[in-house]
$ cat structure05.csv   # CSV, C-alpha atoms
chain,number,residue,atom,x,y,z
P,1,MET,CA,-20.2,-0.4,61.0
P,2,SER,CA,-23.3,1.6,61.7
P,3,GLY,CA,-22.9,1.5,65.5
P,4,ASN,CA,-26.0,-0.5,66.1
P,5,GLU,CA,-24.7,-4.0,65.2
P,6,GLN,CA,-23.7,-4.8,68.8
P,7,LYS,CA,-27.3,-4.4,69.9
P,8,TYR,CA,-28.5,-7.3,67.7
P,9,ILE,CA,-25.4,-9.4,68.4
P,10,GLN,CA,-26.1,-9.0,72.1
P,11,GLU,CA,-29.7,-10.0,71.6
P,12,ALA,CA,-28.6,-13.2,70.0
P,13,PHE,CA,-26.3,-13.9,73.0
P,14,ASP,CA,-29.0,-13.0,75.5
P,15,LEU,CA,-31.4,-15.4,73.9
P,16,ASN,CA,-28.7,-18.0,73.5
P,17,TRP,CA,-29.4,-18.3,69.8
P,18,VAL,CA,-26.0,-18.0,68.2
P,19,ALA,CA,-26.2,-20.5,65.3
P,20,PRO,CA,-27.5,-21.6,63.0
P,21,LEU,CA,-30.8,-19.8,63.2
P,22,GLY,CA,-32.8,-17.4,65.4
P,23,ASN,CA,-34.7,-14.1,65.7
P,24,ASN,CA,-32.0,-12.1,63.8
P,25,VAL,CA,-32.2,-14.5,60.8
P,26,ASP,CA,-36.0,-14.3,60.7
P,27,GLN,CA,-36.1,-10.5,61.1
P,28,PHE,CA,-33.3,-9.9,58.6
P,29,GLU,CA,-35.2,-11.9,56.0
P,30,LYS,CA,-38.4,-9.9,56.7
P,31,ASP,CA,-36.6,-6.6,56.6
P,32,LEU,CA,-34.7,-7.4,53.4
P,33,ALA,CA,-37.9,-8.5,51.7
P,34,ALA,CA,-39.7,-5.4,52.8
P,35,TYR,CA,-37.0,-3.1,51.7
P,36,ASN,CA,-37.0,-4.6,48.2
P,37,ASN,CA,-40.8,-5.0,48.1
P,38,MET,CA,-40.5,-8.8,47.6
P,39,ALA,CA,-42.6,-11.6,49.0
P,40,GLY,CA,-39.6,-13.1,50.9
P,41,ALA,CA,-35.9,-13.6,51.3
P,42,SER,CA,-33.6,-16.4,52.3
P,43,VAL,CA,-30.3,-15.3,53.9
P,44,LEU,CA,-27.3,-17.4,53.2
P,45,THR,CA,-23.5,-17.6,53.6
P,46,SER,CA,-22.7,-15.8,50.4
P,47,GLY,CA,-24.1,-14.4,47.2
P,48,THR,CA,-22.4,-17.3,45.4
P,49,ALA,CA,-24.4,-19.7,47.5
P,50,ALA,CA,-27.5,-17.8,46.6
P,51,ILE,CA,-26.8,-18.2,42.9
P,52,HIS,CA,-26.0,-21.9,43.4
P,53,ILE,CA,-29.3,-22.5,45.2
P,54,ALA,CA,-31.2,-20.5,42.5
P,55,LEU,CA,-29.7,-22.8,39.8
P,56,ARG,CA,-30.7,-25.9,41.8
P,57,LEU,CA,-34.2,-24.6,42.2
P,58,LEU,CA,-34.4,-24.0,38.4
P,59,GLY,CA,-33.3,-27.6,37.8
P,60,VAL,CA,-29.9,-26.8,36.2
P,61,SER,CA,-27.9,-30.0,35.9
P,62,ASP,CA,-25.2,-31.7,33.9
P,63,GLY,CA,-25.1,-30.6,30.2
P,64,ASP,CA,-27.5,-27.7,30.6
P,65,LYS,CA,-26.8,-24.3,29.1
P,66,VAL,CA,-26.8,-21.2,31.3
P,67,ILE,CA,-26.4,-17.7,29.8
P,68,CYS,CA,-24.4,-15.2,31.9
P,69,SER,CA,-23.0,-11.7,31.7
P,70,SER,CA,-19.4,-11.8,30.8
P,71,LEU,CA,-18.2,-8.5,32.5
P,72,THR,CA,-18.6,-9.6,36.1
P,73,PHE,CA,-16.8,-11.2,39.0
P,74,ILE,CA,-16.3,-14.9,38.6
P,75,ALA,CA,-18.7,-15.7,41.4
P,76,SER,CA,-21.5,-15.0,39.0
P,77,ALA,CA,-20.6,-18.0,36.9
P,78,ASN,CA,-18.8,-20.5,39.1
P,79,PRO,CA,-22.1,-22.0,40.4
P,80,ILE,CA,-22.9,-22.9,36.8
P,81,LEU,CA,-19.9,-25.2,36.9
P,82,TYR,CA,-20.9,-26.5,40.3
P,83,GLN,CA,-24.0,-27.9,38.6
P,84,GLY,CA,-22.1,-29.4,35.7
P,85,ALA,CA,-23.7,-27.0,33.3
P,86,GLU,CA,-22.1,-25.0,30.5
P,87,PRO,CA,-21.9,-21.2,30.6
P,88,VAL,CA,-22.6,-19.1,27.5
P,89,PHE,CA,-21.3,-15.5,28.0
P,90,ILE,CA,-22.9,-12.3,26.7
P,91,ASP,CA,-21.1,-9.0,26.0
P,92,SER,CA,-21.8,-5.6,27.6
P,93,GLU,CA,-23.3,-2.6,25.8
P,94,PRO,CA,-22.3,1.1,26.2
P,95,ASP,CA,-25.4,2.6,28.0
P,96,THR,CA,-25.0,0.5,31.2
P,97,TRP,CA,-21.9,-1.6,30.7
P,98,ASN,CA,-24.2,-4.6,31.4
P,99,MET,CA,-25.7,-7.4,29.3
P,100,SER,CA,-26.3,-6.5,25.7
P,101,PRO,CA,-29.9,-7.1,24.6
P,102,GLN,CA,-28.7,-7.5,21.0
P,103,ALA,CA,-26.2,-10.1,21.9
P,104,LEU,CA,-28.7,-11.9,24.1
P,105,GLU,CA,-31.2,-12.0,21.3
P,106,ARG,CA,-28.7,-13.7,19.0
P,107,ALA,CA,-27.7,-16.2,21.6
P,108,LEU,CA,-31.3,-17.2,22.2
P,109,GLN,CA,-32.1,-17.4,18.5
P,110,ASP,CA,-29.1,-19.8,18.0
P,111,ALA,CA,-30.1,-21.8,21.1
P,112,GLU,CA,-33.7,-22.2,19.9
P,113,ALA,CA,-32.5,-23.2,16.4
P,114,LYS,CA,-30.4,-26.0,18.0
P,115,GLY,CA,-33.1,-27.0,20.4
P,116,GLN,CA,-30.9,-26.1,23.4
P,117,LEU,CA,-32.5,-23.2,25.1
P,118,PRO,CA,-30.7,-22.3,28.4
P,119,LYS,CA,-32.3,-23.1,31.7
P,120,THR,CA,-31.8,-19.5,32.9
P,121,VAL,CA,-30.1,-16.2,32.2
P,122,ILE,CA,-28.0,-14.6,34.9
P,123,ILE,CA,-28.1,-10.8,34.4
P,124,VAL,CA,-25.5,-8.9,36.4
P,125,ASN,CA,-26.0,-5.3,37.6
P,126,LEU,CA,-22.4,-4.2,37.4
P,127,TYR,CA,-20.9,-1.7,40.0
P,128,GLY,CA,-24.4,-0.8,41.1
P,129,GLN,CA,-25.9,0.1,37.7
P,130,SER,CA,-29.0,-1.9,36.6
P,131,ALA,CA,-28.9,-3.5,33.2
P,132,LYS,CA,-31.5,-2.7,30.6
P,133,ILE,CA,-34.1,-4.9,32.4
P,134,ASP,CA,-37.1,-4.1,30.3
P,135,GLU,CA,-35.4,-5.1,27.0
P,136,LEU,CA,-33.7,-8.2,28.5
P,137,LYS,CA,-36.8,-9.4,30.3
P,138,GLU,CA,-38.9,-9.0,27.1
P,139,ILE,CA,-36.4,-11.2,25.2
P,140,CYS,CA,-36.2,-13.8,28.0
P,141,ASP,CA,-40.0,-13.9,28.4
P,142,ARG,CA,-40.4,-14.4,24.7
P,143,TYR,CA,-38.2,-17.5,24.8
P,144,GLU,CA,-39.7,-18.5,28.2
P,145,VAL,CA,-36.3,-18.5,30.0
P,146,PRO,CA,-36.3,-17.4,33.6
P,147,ILE,CA,-34.0,-14.7,34.9
P,148,ILE,CA,-31.6,-14.7,37.9
P,149,GLU,CA,-30.8,-11.1,38.6
P,150,ASP,CA,-27.4,-10.9,40.1
P,151,ALA,CA,-27.7,-7.8,42.2
P,152,ALA,CA,-24.6,-8.6,44.4
P,153,GLU,CA,-23.2,-5.1,43.7
P,154,SER,CA,-26.5,-3.2,43.3
P,155,LEU,CA,-28.4,-3.5,46.6
P,156,GLY,CA,-30.2,-0.2,47.0
P,157,SER,CA,-30.1,0.7,43.3
P,158,GLU,CA,-33.4,1.3,41.4
P,159,TYR,CA,-34.7,0.7,38.0
P,160,LYS,CA,-37.8,2.7,37.0
P,161,GLY,CA,-38.8,3.0,40.7
P,162,LYS,CA,-38.3,-0.6,41.6
P,163,LYS,CA,-35.4,-2.0,43.6
P,164,SER,CA,-32.6,-3.8,41.9
P,165,GLY,CA,-32.8,-7.5,42.3
P,166,SER,CA,-36.6,-7.6,42.2
P,167,PHE,CA,-37.2,-8.3,38.5
P,168,GLY,CA,-36.3,-11.9,37.9
P,169,LYS,CA,-37.5,-15.3,39.1
P,170,PHE,CA,-34.8,-14.8,41.7
P,171,GLY,CA,-32.7,-11.9,42.8
P,172,ILE,CA,-29.4,-12.4,44.7
P,173,TYR,CA,-27.4,-10.0,47.0
P,174,SER,CA,-24.0,-10.2,48.6
P,175,PHE,CA,-23.0,-8.9,52.0
P,176,ASN,CA,-19.3,-9.6,51.5
P,177,GLY,CA,-16.8,-7.3,53.2
P,178,ASN,CA,-16.4,-5.1,50.2
P,179,LYS,CA,-20.1,-4.5,49.5
P,180,ILE,CA,-22.2,-1.4,50.2
P,181,ILE,CA,-23.4,-3.1,53.4
P,182,THR,CA,-21.7,-6.1,54.9
P,183,THR,CA,-22.3,-8.9,57.4
P,184,SER,CA,-18.6,-9.8,57.0
P,185,GLY,CA,-19.6,-12.7,54.7
P,186,GLY,CA,-23.1,-13.5,53.6
P,187,GLY,CA,-25.7,-13.2,50.9
P,188,ALA,CA,-29.4,-13.6,50.2
P,189,LEU,CA,-31.9,-15.0,47.7
P,190,VAL,CA,-35.1,-13.0,47.1
P,191,SER,CA,-38.2,-14.0,45.2
P,192,ASN,CA,-41.9,-13.5,45.0
P,193,ASP,CA,-42.4,-17.3,45.1
P,194,LYS,CA,-42.6,-18.2,48.8
P,195,GLU,CA,-42.8,-21.9,48.0
P,196,VAL,CA,-39.4,-21.9,46.3
P,197,LEU,CA,-37.9,-19.8,49.1
P,198,ASN,CA,-39.0,-22.4,51.6
P,199,LYS,CA,-37.3,-25.0,49.4
P,200,SER,CA,-34.1,-22.8,49.3
P,201,ARG,CA,-34.0,-22.9,53.1
P,202,PHE,CA,-34.4,-26.7,53.0
P,203,LEU,CA,-31.5,-27.1,50.5
P,204,ALA,CA,-29.3,-24.7,52.4
P,205,THR,CA,-29.8,-26.7,55.7
P,206,GLN,CA,-28.3,-29.9,54.3
P,207,ALA,CA,-31.7,-30.9,52.9
P,208,ARG,CA,-32.8,-32.6,56.1
P,209,ASP,CA,-36.1,-34.4,55.7
P,210,GLN,CA,-39.0,-33.9,58.2
P,211,ALA,CA,-38.1,-36.8,60.5
P,212,ILE,CA,-37.1,-37.2,64.1
P,213,HIS,CA,-33.9,-38.9,63.0
P,214,TYR,CA,-31.4,-37.4,60.5
P,215,GLN,CA,-32.7,-38.5,57.1
P,216,HIS,CA,-31.7,-37.0,53.7
P,217,SER,CA,-33.4,-37.8,50.4
P,218,GLU,CA,-31.6,-35.3,48.2
P,219,LEU,CA,-28.3,-33.3,48.1
P,220,GLY,CA,-28.2,-30.3,50.3
P,221,TYR,CA,-25.7,-27.7,51.4
P,222,ASN,CA,-24.4,-25.9,54.6
P,223,TYR,CA,-25.4,-22.5,53.3
P,224,ARG,CA,-27.6,-20.9,56.0
P,225,MET,CA,-26.6,-17.6,57.6
P,226,SER,CA,-25.9,-17.6,61.4
P,227,ASN,CA,-27.9,-15.7,63.8
P,228,ILE,CA,-24.9,-13.6,64.8
P,229,VAL,CA,-24.1,-12.6,61.2
P,230,ALA,CA,-27.8,-11.8,60.6
P,231,GLY,CA,-27.7,-9.4,63.5
P,232,ILE,CA,-25.0,-7.5,61.8
P,233,GLY,CA,-27.1,-7.5,58.7
P,234,ARG,CA,-30.1,-6.0,60.4
P,235,ALA,CA,-28.1,-3.0,61.6
P,236,GLN,CA,-26.4,-2.6,58.3
P,237,LEU,CA,-29.7,-2.6,56.4
P,238,GLU,CA,-30.9,0.3,58.6
P,239,VAL,CA,-28.2,2.6,57.1
P,240,LEU,CA,-28.3,1.3,53.5
P,241,ASP,CA,-30.0,4.4,52.1
P,242,GLU,CA,-27.3,6.6,53.8
P,243,ARG,CA,-24.6,4.4,52.3
P,244,VAL,CA,-26.1,4.8,48.8
P,245,ALA,CA,-26.3,8.6,49.3
P,246,ARG,CA,-22.7,8.7,50.4
P,247,ARG,CA,-21.4,6.5,47.5
P,248,ARG,CA,-23.2,8.8,45.1
P,249,GLU,CA,-21.6,11.8,46.7
P,250,VAL,CA,-18.2,10.2,46.3
P,251,PHE,CA,-18.9,9.5,42.6
P,252,GLN,CA,-20.1,13.1,42.1
P,253,ASN,CA,-16.9,14.5,43.6
P,254,TYR,CA,-14.8,12.4,41.2
P,255,PHE,CA,-17.1,13.4,38.3
P,256,GLU,CA,-16.8,17.1,39.0
P,257,ALA,CA,-13.0,16.8,39.3
P,258,PHE,CA,-12.5,15.1,36.0
P,259,LYS,CA,-15.6,15.8,33.8
P,260,ASP,CA,-13.6,18.2,31.6
P,261,GLN,CA,-10.6,16.0,31.4
P,262,PRO,CA,-10.1,14.7,27.8
P,263,GLY,CA,-10.3,10.9,27.6
P,264,PHE,CA,-12.1,10.4,31.0
P,265,ASP,CA,-15.5,8.8,30.5
P,266,PHE,CA,-17.4,7.8,33.6
P,267,MET,CA,-19.8,4.8,33.8
P,268,PRO,CA,-23.2,6.1,32.7
P,269,GLU,CA,-26.4,6.0,34.7
P,270,LEU,CA,-29.2,4.9,32.4
P,271,GLU,CA,-32.2,7.3,32.3
P,272,GLY,CA,-34.9,6.1,34.7
P,273,THR,CA,-32.4,4.3,37.0
P,274,LYS,CA,-30.6,5.1,40.2
P,275,SER,CA,-27.2,3.5,40.7
P,276,ASN,CA,-25.9,3.0,44.2
P,277,ARG,CA,-22.5,3.8,42.7
P,278,TRP,CA,-20.9,0.9,44.6
P,279,LEU,CA,-17.7,1.7,42.9
P,280,THR,CA,-16.8,4.8,40.9
P,281,ALA,CA,-15.8,3.4,37.5
P,282,LEU,CA,-14.6,5.1,34.4
P,283,THR,CA,-12.6,4.5,31.2
P,284,ILE,CA,-9.4,6.2,30.2
P,285,ASP,CA,-8.7,6.8,26.5
P,286,PRO,CA,-4.9,6.9,26.4
P,287,GLU,CA,-4.8,8.8,23.1
P,288,GLU,CA,-7.0,11.6,24.4
P,289,ALA,CA,-5.9,11.6,28.0
P,290,GLY,CA,-2.2,11.1,27.4
P,291,ILE,CA,-2.1,8.5,30.2
P,292,THR,CA,-3.4,5.0,30.7
P,293,ASN,CA,-5.6,3.4,33.4
P,294,MET,CA,-2.5,1.4,34.5
P,295,ASP,CA,-0.5,4.7,34.8
P,296,ILE,CA,-3.1,5.9,37.3
P,297,ILE,CA,-3.2,2.6,39.2
P,298,HIS,CA,0.6,2.6,39.6
P,299,ALA,CA,0.7,6.2,40.6
P,300,LEU,CA,-2.0,5.7,43.3
P,301,GLY,CA,-0.2,2.5,44.4
P,302,GLU,CA,3.0,4.5,45.1
P,303,GLU,CA,0.9,6.7,47.4
P,304,ASN,CA,-0.5,3.5,49.2
P,305,ILE,CA,-3.9,4.1,47.5
P,306,GLU,CA,-5.5,1.0,46.0
P,307,ALA,CA,-7.3,1.2,42.6
P,308,ARG,CA,-8.1,-1.6,40.2
P,309,PRO,CA,-9.0,-2.2,36.6
P,310,VAL,CA,-12.5,-3.1,35.6
P,311,TRP,CA,-13.4,-6.8,36.0
P,312,LYS,CA,-11.7,-9.1,33.5
P,313,PRO,CA,-14.5,-10.5,31.3
P,314,LEU,CA,-15.2,-14.2,32.0
P,315,HIS,CA,-14.9,-15.2,28.4
P,316,LEU,CA,-11.2,-14.2,28.7
P,317,GLN,CA,-10.6,-16.2,31.9
P,318,PRO,CA,-8.5,-19.3,31.6
P,319,LEU,CA,-11.2,-21.3,33.5
P,320,PHE,CA,-13.7,-20.7,30.8
P,321,GLU,CA,-11.5,-21.1,27.8
P,322,GLY,CA,-13.6,-22.4,24.9
P,323,SER,CA,-16.9,-21.2,26.2
P,324,LYS,CA,-19.4,-19.7,23.8
P,325,TYR,CA,-19.4,-15.9,23.7
P,326,TYR,CA,-21.7,-13.4,22.0
P,327,SER,CA,-20.4,-9.9,21.4
P,328,HIS,CA,-22.4,-6.7,21.3
P,329,LYS,CA,-21.6,-6.3,17.7
P,330,GLU,CA,-20.3,-8.9,15.3
P,331,GLY,CA,-16.5,-8.8,15.4
P,332,TYR,CA,-16.3,-6.3,18.3
P,333,SER,CA,-16.3,-7.0,22.0
P,334,TYR,CA,-17.3,-4.0,24.1
P,335,SER,CA,-16.4,-5.7,27.4
P,336,ASP,CA,-12.9,-6.2,26.2
P,337,ASP,CA,-12.5,-2.5,25.7
P,338,LEU,CA,-13.9,-1.8,29.2
P,339,PHE,CA,-11.4,-4.2,30.7
P,340,ASN,CA,-8.5,-2.7,28.7
P,341,TYR,CA,-9.3,0.9,29.5
P,342,GLY,CA,-11.4,0.7,32.7
P,343,LEU,CA,-10.5,2.0,36.1
P,344,CYS,CA,-12.2,1.6,39.5
P,345,LEU,CA,-11.3,4.3,42.0
P,346,PRO,CA,-11.5,4.1,45.9
P,347,SER,CA,-15.2,4.6,46.7
P,348,GLY,CA,-15.7,3.6,50.3
P,349,SER,CA,-18.7,5.1,52.2
P,350,ASN,CA,-16.3,6.2,55.0
P,351,MET,CA,-13.9,8.1,52.7
P,352,THR,CA,-13.1,11.5,54.1
P,353,GLU,CA,-13.0,14.6,51.8
P,354,GLU,CA,-9.3,14.7,52.5
P,355,GLN,CA,-8.8,11.1,51.4
P,356,GLN,CA,-10.7,11.7,48.2
P,357,HIS,CA,-8.7,14.9,47.6
P,358,ARG,CA,-5.5,12.8,47.9
P,359,VAL,CA,-6.8,10.5,45.1
P,360,ILE,CA,-7.8,13.3,42.9
P,361,HIS,CA,-4.5,15.3,43.5
P,362,THR,CA,-2.4,12.2,42.7
P,363,ILE,CA,-4.2,11.6,39.4
P,364,LYS,CA,-4.0,15.3,38.4
P,365,LYS,CA,-0.3,15.3,38.9
P,366,LEU,CA,0.0,12.9,36.0
P,367,MET,CA,-1.7,15.3,33.6

$ encode --input "structure05.csv" --output "structure tokens"
Amino acid sequence: MSGNEQKYIQEAFDLNWVAPLGNNVDQFEKDLAAYNNMAGASVLTSGTAAIHIALRLLGVSDGDKVICSSLTFIASANPILYQGAEPVFIDSEPDTWNMSPQALERALQDAEAKGQLPKTVIIVNLYGQSAKIDELKEICDRYEVPIIEDAAESLGSEYKGKKSGSFGKFGIYSFNGNKIITTSGGGALVSNDKEVLNKSRFLATQARDQAIHYQHSELGYNYRMSNIVAGIGRAQLEVLDERVARRREVFQNYFEAFKDQPGFDFMPELEGTKSNRWLTALTIDPEEAGITNMDIIHALGEENIEARPVWKPLHLQPLFEGSKYYSHKEGYSYSDDLFNYGLCLPSGSNMTEEQQHRVIHTIKKLM
């Protein structure tokens, strides 16, 4: 916590606006939109809810195709199933670990040839690093397919001077407990289209019609953020840039400690971008390093230090068995390698130098 959250929580209590809406919700939406230089924001109960609402607003329904990054947390794709649509997964590429433009191009070529262009493309900015937005956007624009930019992990990151999440028809953020700023649970939908944002608020409030009685003409959801939670968000947003700076320091400390270690290859930062370094991620080549990513995870675990592999790609998940998948290169899946050799190290904004030294020392003992 930043220390300022209680002020906004108390304000909600003093005004007797606890839930569902109130001044904190209104101001958090304004502040979030201003930070990202967007026309508006709609704050919701989760980033998953934001993706779900975005799919609804784009008319995704039964039988439609939706293209999605494969190397991501499952929340990026679950809402596709909520809408009865079919996911098509796209491999990563080496420069960003994010969606491969080459694979996306092949997927859209095939879709056009079959007369089954997707309703949208969900581009994920993994671990805070922006994807190759210019290349991906040019391809999507050529096929007239709108983009949902999943910036759940990349709030505060930048791509060529613009904030992550501000490039698509919709951007989405997550304020889950593990994110760079948190409201305990929460998310947001951002857009430059104020009309669709108003519709998102309508859908997120059980789609209640404008009538004195409770009337509903279409399906809605209970997705609006509470005034208490939004108060936490206001205070957290005030320190976002500090959190980004600290995460980048944590990354740099790890990098300096292991940059000369054979087989250690850190997640790159594409030229012209600034990653919030939400998590410090790297790959371990066992032949060069003499150890595996799992050796490190187990060694840290014995010291009561949590580390994890990179996300398991969605095309390998049992839930999505049989889904169409386009690899970066024919016959070779880059995201599979990232999963097999990838490692995420402890990266919290409140890590002390002593704690980080413990992590580094524990890994170096394996060498």

$ closest_residue --input "structure05.csv" --among "P:Ala131, P:Met1, P:Pro79, P:His52" --to "Leu270 (chain P)" --atoms "all atoms listed in the file"
P:Ala131

$ residues_near_point --input "structure05.csv" --point "(-12.2, -3.1, 31.9)" --cutoff "8 Å" --atoms "all atoms listed in the file" --output "list in words"
Thr283, Pro309, Val310, Trp311, Lys312, Pro313, Ser335, Asp336, Asp337, Leu338, Phe339, Asn340, Tyr341, Gly342 and Leu343 of chain P

$ write_last_selection --input "structure05.csv" --atoms "C-alpha atoms" --output "PDB file, keeping the file's coordinate frame"
ATOM      1  CA  THR P 283     -12.600   4.500  31.200  1.00  0.00           C
ATOM      2  CA  PRO P 309      -9.000  -2.200  36.600  1.00  0.00           C
ATOM      3  CA  VAL P 310     -12.500  -3.100  35.600  1.00  0.00           C
ATOM      4  CA  TRP P 311     -13.400  -6.800  36.000  1.00  0.00           C
ATOM      5  CA  LYS P 312     -11.700  -9.100  33.500  1.00  0.00           C
ATOM      6  CA  PRO P 313     -14.500 -10.500  31.300  1.00  0.00           C
ATOM      7  CA  SER P 335     -16.400  -5.700  27.400  1.00  0.00           C
ATOM      8  CA  ASP P 336     -12.900  -6.200  26.200  1.00  0.00           C
ATOM      9  CA  ASP P 337     -12.500  -2.500  25.700  1.00  0.00           C
ATOM     10  CA  LEU P 338     -13.900  -1.800  29.200  1.00  0.00           C
ATOM     11  CA  PHE P 339     -11.400  -4.200  30.700  1.00  0.00           C
ATOM     12  CA  ASN P 340      -8.500  -2.700  28.700  1.00  0.00           C
ATOM     13  CA  TYR P 341      -9.300   0.900  29.500  1.00  0.00           C
ATOM     14  CA  GLY P 342     -11.400   0.700  32.700  1.00  0.00           C
ATOM     15  CA  LEU P 343     -10.500   2.000  36.100  1.00  0.00           C
TER      16      LEU P 343
END

$ atom_distance --input "structure05.csv" --atom1 "CA of Gly59 (chain P)" --atom2 "CA of Val145 (chain P)"
12.4 Å

$ residues_around --input "structure05.csv" --residues "region 96-112 of chain P" --least-positions-apart "6" --cutoff "7 Å" --atoms "only C-alpha atoms" --output "list in words"
Ser69, Ile90, Ile123, Val124, Asn125, Leu126, Gln129, Ala131, Glu135, Leu136, Ile139, Pro268, Glu269, Leu270, Tyr326, Ser327 and His328 of chain P

$ closest_residue --input "structure05.csv" --among "P:Gly40, P:Cys344, P:Thr48, P:Gly22" --to "Ile172 (chain P)" --atoms "only C-alpha atoms"
P:Thr48

$ closest_residue --input "structure05.csv" --among "P:Tyr221, P:Phe320, P:Phe264, P:Trp278" --to "Ala245 (chain P)" --atoms "all atoms listed in the file"
P:Trp278

$ closest_residue --input "structure05.csv" --among "P:Glu149, P:Glu5, P:Asp295, P:Asp14" --to "Cys68 (chain P)" --atoms "only C-alpha atoms"
P:Glu149

$ closest_residue --input "structure05.csv" --among "P:Tyr223, P:Ser217, P:Thr292, P:Phe258" --to "Thr205 (chain P)" --atoms "only C-alpha atoms"
P:Tyr223

$ residues_around --input "structure05.csv" --residues "Glu11 (chain P)" --least-positions-apart "3" --cutoff "12 Å" --atoms "all atoms listed in the file" --output "ChimeraX atom specification"
/P:4-8,14-18,22-25,227-228,230-232,234

$ closest_residue --input "structure05.csv" --among "P:Asn178, P:Ser166, P:Ser70, P:Asn222" --to "Ile53 (chain P)" --atoms "all atoms listed in the file"
P:Asn222

$ residues_around --input "structure05.csv" --residues "Asn304 (chain P)" --least-positions-apart "3" --cutoff "12 Å" --atoms "all atoms listed in the file" --output "PyMOL selection string"
chain P and resi 297-301+307+346+355+358-359+362

$ write_last_selection --input "structure05.csv" --atoms "C-alpha atoms" --output "short mmCIF file (atom, residue, chain, number, x, y, z; two decimals), in the coordinates of the input"
data_model
loop_
_atom_site.label_atom_id
_atom_site.label_comp_id
_atom_site.auth_asym_id
_atom_site.auth_seq_id
_atom_site.Cartn_x
_atom_site.Cartn_y
_atom_site.Cartn_z
CA ILE P 297 -3.20 2.60 39.20
CA HIS P 298 0.60 2.60 39.60
CA ALA P 299 0.70 6.20 40.60
CA LEU P 300 -2.00 5.70 43.30
CA GLY P 301 -0.20 2.50 44.40
CA ALA P 307 -7.30 1.20 42.60
CA PRO P 346 -11.50 4.10 45.90
CA GLN P 355 -8.80 11.10 51.40
CA ARG P 358 -5.50 12.80 47.90
CA VAL P 359 -6.80 10.50 45.10
CA THR P 362 -2.40 12.20 42.70
#

$ residues_around --input "structure05.csv" --residues "region 62-67 of chain P" --least-positions-apart "2" --cutoff "8 Å" --atoms "only C-alpha atoms" --output "short mmCIF file (atom, residue, chain, number, x, y, z; two decimals) with C-alpha atoms, keeping the file's coordinate frame"
data_model
loop_
_atom_site.label_atom_id
_atom_site.label_comp_id
_atom_site.auth_asym_id
_atom_site.auth_seq_id
_atom_site.Cartn_x
_atom_site.Cartn_y
_atom_site.Cartn_z
CA VAL P 60 -29.90 -26.80 36.20
CA SER P 69 -23.00 -11.70 31.70
CA ILE P 80 -22.90 -22.90 36.80
CA GLN P 83 -24.00 -27.90 38.60
CA GLY P 84 -22.10 -29.40 35.70
CA ALA P 85 -23.70 -27.00 33.30
CA GLU P 86 -22.10 -25.00 30.50
CA PRO P 87 -21.90 -21.20 30.60
CA VAL P 88 -22.60 -19.10 27.50
CA PHE P 89 -21.30 -15.50 28.00
CA ILE P 90 -22.90 -12.30 26.70
CA GLN P 116 -30.90 -26.10 23.40
CA LEU P 117 -32.50 -23.20 25.10
CA PRO P 118 -30.70 -22.30 28.40
CA LYS P 119 -32.30 -23.10 31.70
CA THR P 120 -31.80 -19.50 32.90
CA VAL P 121 -30.10 -16.20 32.20
CA ILE P 122 -28.00 -14.60 34.90
#

$ decode --input "structure05.csv" --residues "region 199-209 of chain P" --atoms "N, CA and C atoms" --output "short mmCIF file (atom, residue, chain, number, x, y, z; two decimals), in the first residue's frame"
data_model
loop_
_atom_site.label_atom_id
_atom_site.label_comp_id
_atom_site.auth_asym_id
_atom_site.auth_seq_id
_atom_site.Cartn_x
_atom_site.Cartn_y
_atom_site.Cartn_z
N LYS P 199 -21.66 2.28 -22.90
CA LYS P 199 -22.34 0.99 -23.05
C LYS P 199 -21.71 -0.07 -22.13
N SER P 200 -20.40 0.03 -21.95
CA SER P 200 -19.73 -0.94 -21.07
C SER P 200 -20.23 -0.80 -19.63
N ARG P 201 -20.44 0.43 -19.20
CA ARG P 201 -20.96 0.65 -17.84
C ARG P 201 -22.38 0.11 -17.71
N PHE P 202 -23.16 0.28 -18.76
CA PHE P 202 -24.52 -0.25 -18.79
C PHE P 202 -24.51 -1.77 -18.67
N LEU P 203 -23.68 -2.43 -19.48
CA LEU P 203 -23.62 -3.89 -19.43
C LEU P 203 -23.08 -4.39 -18.09
N ALA P 204 -22.17 -3.63 -17.50
CA ALA P 204 -21.55 -4.04 -16.24
C ALA P 204 -22.43 -3.79 -15.03
N THR P 205 -23.55 -3.13 -15.24
CA THR P 205 -24.49 -2.84 -14.14
C THR P 205 -25.81 -3.55 -14.42
N GLN P 206 -25.72 -4.81 -14.81
CA GLN P 206 -26.87 -5.69 -15.07
C GLN P 206 -27.76 -5.22 -16.22
N ALA P 207 -27.19 -4.32 -17.07
CA ALA P 207 -27.93 -3.85 -18.25
C ALA P 207 -29.34 -3.38 -17.89
N ARG P 208 -29.42 -2.56 -16.89
CA ARG P 208 -30.72 -2.05 -16.45
C ARG P 208 -31.18 -0.92 -17.36
N ASP P 209 -32.36 -1.06 -17.94
CA ASP P 209 -32.91 -0.03 -18.82
C ASP P 209 -33.24 1.25 -18.05
#
